[in-house]
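A.B. asks: Have a look at the structure that comes next, please.
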Amino acid sequence: MEVTIKGLVIAGTKSGSGKTTIALGFMAALADRGLKIAPFKVGPDFIDPGHHTRITGVISRNLDGWMLSKSLNRQCFFQNARRVDIAVVEGVMGLFDGYDGRSEAGSTAQMAKWLNLPLILVVDARSMARSAAALVQGFENFDRQVVYAGVLFNNIGSRRHLRYLQEALEGQVRMPCLGGIVRNDEISIPERHLGLVTQQDFALSHENITRLANMIEDSIDLDSILNDLAQSPVDTTFSQPERPDFATAVRIGVARDNAFCFYYQDNLDLLAVAGAQVIEFSPMNDTSLPPDLDGIYLGGGYPELFARQLSANLAMRRQIRKQSEAGMPIYGECGGFMYLGRQISDLEGRPFPMTGCFPVETRMLTRLKALGYRQIELTCDSILGGAGDVIRGHEFHYSELSQISNPMDTVYRVTPRAGNQAQPEGYRINNTLGSYIHLHFGSCHATATHFVDNCRLYQRERKNVL
């Protein structure tokens, strides 16, 4: 019997159109009705998926048309959506925005077509009247392969404003108007320099989730939208990978707390499939590493906001440095890389000592230092792969290296944008590797396996020594 699923994409005309709030509202309203939801986020975002998970109780997955192949995106989607009532995919930036201005790579539109899902176009209608029709018409005609469930106006001033917008659409566009959401400053999530505040620091309360659900129920005819969604066939050719027994697994410690919370769930799953038992620990709060570790993975996050607590945990800092000096495979990216350095200086110039695995210091800036997709080629064998392996990822930070006191090996060659020279990156000391780039292990099938294999080799050496 054919397996089918209902799903939709929440897309915006631009960043800041309100698609995250509306996507959360849809998830809250659907969950309130007792439906089981599979949440997804297009693009290299670590923050929104945390809020998805908070509302739905289901781990939200990242989809990305530039970092990952079409097949891998479809595999991720169908493996995680095949046994739910509805899938909700939150888009990235504007509908057609992606890697560059020449192609649809990495865009929400590309993903909607790959998954054969209709989308709701969110338009910020603040200070807009009849011009909204021209905007919607342009999106509708830009790519005729995109299927629209309808347009939803956000930030309307009143119901009268909505009627004006609906009149403007009549006879000008094919997609229906699904409704409008009146401006409400009470429905918001705090922001900081890397985007919205994380779920770890701002867990949506039951009251806020109810408010989000009511926003959707009061503003649109959700029953009609659900009834009009077609049942799409699920690709069942993707089988669930088997995970090894913990008795044969290597033990990899994954830093997880308010300071370190930026991980692609697929990275952790791929490590598990490759033979790892993932064991979470907190560099902020735990006084010791979990016992019998064979490797450590320090993801990104906000170490600069919790620098005082991280620095005060001297026992943890010393243990991680000791393991680095002993040759344990340790991988740190962005915030994790900063923690592996000698110190972090905040915006006031106050230094906070870190682990000292790398002879580098980082300082926070008031401006964005780097943002965008990155492709790296390994220039030599490392804990993440062999020379020549190509891995894709993303870079986004407000800090920079302020001092490098001793030379270090670099193992990355970062592919440049047009007109720029390739840059060395990926710093290595012993078996410790650090970089500002968040890598997606799914972009290179050997990455997770290579890291686990290196951890297993260290495990054997460690046990022989013991």
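Going by the structure tokens order, chains are called A, B, ..., each with residues numbered from 1, while ligands are numbered from 1 in the order shown.
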Write out as a list in words the residues lying within 12 Å of Gln375 in chain A, counting only C-alpha atoms and excluding same-chain residues fewer than 5 positions away.
C.D. replies: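 Selected residues are Trp66, Met67, Leu68, Tyr99, Asp389, Val390, Ile391, Arg392, Gly393, His394, Glu395, Tyr412, Arg413, Val414, Thr415, Pro416, Arg417, Ala422, Gln423, Pro424, Glu425, Gly426, Ile437, His438, Leu439, His440, Ser443 and Cys444 of chain A.
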A.B. asks: Please save C-alpha atoms of the selected residues as a PDB file, in the first residue's frame.
C.D. replies:
ATOM      1  CA  TRP A  66      23.842  23.571  -1.305  1.00  0.00           C
ATOM      2  CA  MET A  67      25.535  21.604   1.473  1.00  0.00           C
ATOM      3  CA  LEU A  68      23.714  18.351   0.695  1.00  0.00           C
ATOM      4  CA  TYR A  99      24.022  30.458  -2.376  1.00  0.00           C
ATOM      5  CA  ASP A 389      38.226  14.954   0.798  1.00  0.00           C
ATOM      6  CA  VAL A 390      35.781  17.812   0.183  1.00  0.00           C
ATOM      7  CA  ILE A 391      33.315  18.832   2.915  1.00  0.00           C
ATOM      8  CA  ARG A 392      30.770  21.638   2.882  1.00  0.00           C
ATOM      9  CA  GLY A 393      29.623  23.848   5.694  1.00  0.00           C
ATOM     10  CA  HIS A 394      28.828  27.349   6.876  1.00  0.00           C
ATOM     11  CA  GLU A 395      30.560  30.168   8.751  1.00  0.00           C
ATOM     12  CA  TYR A 412      41.819  22.979   5.235  1.00  0.00           C
ATOM     13  CA  ARG A 413      41.911  24.774   1.923  1.00  0.00           C
ATOM     14  CA  VAL A 414      38.766  26.911   1.876  1.00  0.00           C
ATOM     15  CA  THR A 415      37.322  27.305  -1.622  1.00  0.00           C
ATOM     16  CA  PRO A 416      36.875  31.012  -2.325  1.00  0.00           C
ATOM     17  CA  ARG A 417      34.079  33.002  -3.817  1.00  0.00           C
ATOM     18  CA  ALA A 422      41.879  30.095  -1.426  1.00  0.00           C
ATOM     19  CA  GLN A 423      42.578  30.450   2.275  1.00  0.00           C
ATOM     20  CA  PRO A 424      44.216  27.969   4.686  1.00  0.00           C
ATOM     21  CA  GLU A 425      42.087  27.119   7.729  1.00  0.00           C
ATOM     22  CA  GLY A 426      41.419  24.184  10.023  1.00  0.00           C
ATOM     23  CA  ILE A 437      33.490  26.550   9.936  1.00  0.00           C
ATOM     24  CA  HIS A 438      30.456  24.452  10.913  1.00  0.00           C
ATOM     25  CA  LEU A 439      30.738  21.349   8.738  1.00  0.00           C
ATOM     26  CA  HIS A 440      27.838  19.141   7.712  1.00  0.00           C
ATOM     27  CA  SER A 443      28.198  16.474   2.599  1.00  0.00           C
ATOM     28  CA  CYS A 444      31.032  13.898   2.611  1.00  0.00           C
TER      29      CYS A 444
END
A.B. asks: What lies within 9 Å of Ala448 in chain A using only C-alpha atoms, ignoring chain neighbours under 6 positions off, as a count of residues only?
C.D. replies: 11
A.B. asks: For Asn116 in chain A, which of A:His161, A:Arg130, A:Lys6, A:His51 is the closest residue, counting only C-alpha atoms?
C.D. replies: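 Checking each of A:His161, A:Arg130, A:Lys6, A:His51 against Asn116 in chain A, counting only C-alpha atoms, the winner is A:Lys6.
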A.B. asks: So that I can see what lies close to Glu170 in chain A, please list as a list in words the residues with an atom at most 12 Å from it, counting only C-alpha atoms and leaving out residues fewer than 6 positions away in the same chain.
C.D. replies: Arg130, Ala132, Ala133, Ala134, Val136, Gln137, Arg163, Tyr164, Pro176 and Cys177 of chain A
A.B. asks: Could you write those residues out with C-alpha atoms, as a compact mmCIF listing (two decimals), in the first residue's frame?
C.D. replies:
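Output below, filename result.txt:
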# COMPACT_ATOMS: atom_id res chain seq x y z
CA ARG A 130 -2.14 47.69 -3.47
CA ALA A 132 1.27 43.90 -2.28
CA ALA A 133 -0.47 42.49 -5.36
CA ALA A 134 2.49 43.40 -7.56
CA VAL A 136 2.83 38.54 -4.91
CA GLN A 137 2.38 38.47 -8.68
CA ARG A 163 -9.79 43.49 3.03
CA TYR A 164 -7.87 46.14 1.10
CA PRO A 176 -5.59 32.40 -2.72
CA CYS A 177 -5.23 34.76 0.20
A.B. asks: Grab the CA of Ile330 in chain A to CA of Val250 in chain A distance for me, in Å with one decimal place.
C.D. replies: 13.5 Å
A.B. asks: Please identify all polymer residues within 6 Å of range 202-218 of chain A, counting only C-alpha atoms, omitting same-chain residues fewer than 5 positions from it, and present them as a list in words.
C.D. replies: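 My list of contacting residues is Gly25, Ala28 and Ala29 of chain A.
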A.B. asks: Using Å and a single decimal, report how far CA of Leu178 in chain A sits from CA of Val123 in chain A.
C.D. replies: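 Computed distance, CA of Val123 in chain A to CA of Leu178 in chain A, equals 11.4 Å.
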A.B. asks: Taking only C-alpha atoms into account, which of A:Arg183, A:Asp45, A:Gly275, A:Gly434 comes nearest Cys261 in chain A?
C.D. replies: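 Once distances to Cys261 in chain A are computed over only C-alpha atoms, the minimum belongs to A:Asp45.
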A.B. asks: So which residues of range 312-374 of chain A fall under strand (DSSP E or B) by DSSP, listed as a PyMOL selection string?
C.D. replies: chain A and resi 330-333+343-345+351-353+360-364+370-374
A.B. asks: Closest to Phe262 in chain A among A:Tyr398, A:Phe281, A:Phe77, A:Tyr302, using only C-alpha atoms?
C.D. replies: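 Closest residue, counting only C-alpha atoms: A:Tyr302.
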A.B. asks: Can you work out which one of A:Gly327, A:Gly253, A:Pro359, A:Gly388 has the shortest atom-to-atom distance to Pro291 in chain A, counting only C-alpha atoms?
C.D. replies: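 Of all the options, A:Gly253 lies closest to Pro291 in chain A.
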A.B. asks: Which residue gives the smallest distance to Glu104 in chain A among A:Val146, A:Ile5, A:Ile252, A:Ala23, with only C-alpha atoms counted?
C.D. replies: A:Val146
A.B. asks: With a cut-off of 7 Å, could you pull out the residues of range 72-186 of chain A touching range 34-40 of chain A and give me the nearest pair of atoms for each, distance in Å to one decimal, using only C-alpha atoms, ordered by chain and ascending number, as CSV?
C.D. replies:
residue,atom,partner,partner_atom,distance
A:Asn80,CA,A:Ala38,CA,6.6
A:Ala81,CA,A:Ala38,CA,5.5
A:Val84,CA,A:Lys36,CA,5.2
A:Asp85,CA,A:Lys36,CA,5.2
A:Ile86,CA,A:Ile37,CA,5.2
A:Ala87,CA,A:Ala38,CA,4.6
A:Val88,CA,A:Pro39,CA,5.1
A:Val89,CA,A:Phe40,CA,4.6
A:Glu90,CA,A:Phe40,CA,6.2
A.B. asks: Can you spit out the residues from that selection as a CSV table (one decimal), in the first residue's frame, using N, CA and C atoms?
C.D. replies:
chain,number,residue,atom,x,y,z
A,80,ASN,N,12.2,10.9,8.2
A,80,ASN,CA,11.7,11.5,9.4
A,80,ASN,C,10.2,11.9,9.3
A,81,ALA,N,9.6,11.9,8.1
A,81,ALA,CA,8.2,12.3,8.0
A,81,ALA,C,7.3,11.2,7.6
A,84,VAL,N,4.2,10.5,10.4
A,84,VAL,CA,3.6,11.6,11.1
A,84,VAL,C,2.3,12.0,10.3
A,85,ASP,N,1.6,12.9,10.9
A,85,ASP,CA,0.4,13.4,10.3
A,85,ASP,C,0.7,14.5,9.2
A,86,ILE,N,1.7,15.3,9.5
A,86,ILE,CA,2.0,16.4,8.6
A,86,ILE,C,3.4,16.9,8.9
A,87,ALA,N,4.1,17.3,7.8
A,87,ALA,CA,5.4,17.8,7.9
A,87,ALA,C,5.3,19.3,7.6
A,88,VAL,N,6.1,20.1,8.5
A,88,VAL,CA,6.1,21.6,8.3
A,88,VAL,C,7.6,22.0,8.1
A,89,VAL,N,7.8,22.6,7.0
A,89,VAL,CA,9.2,23.0,6.7
A,89,VAL,C,9.3,24.5,6.7
A,90,GLU,N,10.1,25.0,7.6
A,90,GLU,CA,10.4,26.5,7.6
A,90,GLU,C,11.5,26.8,6.6
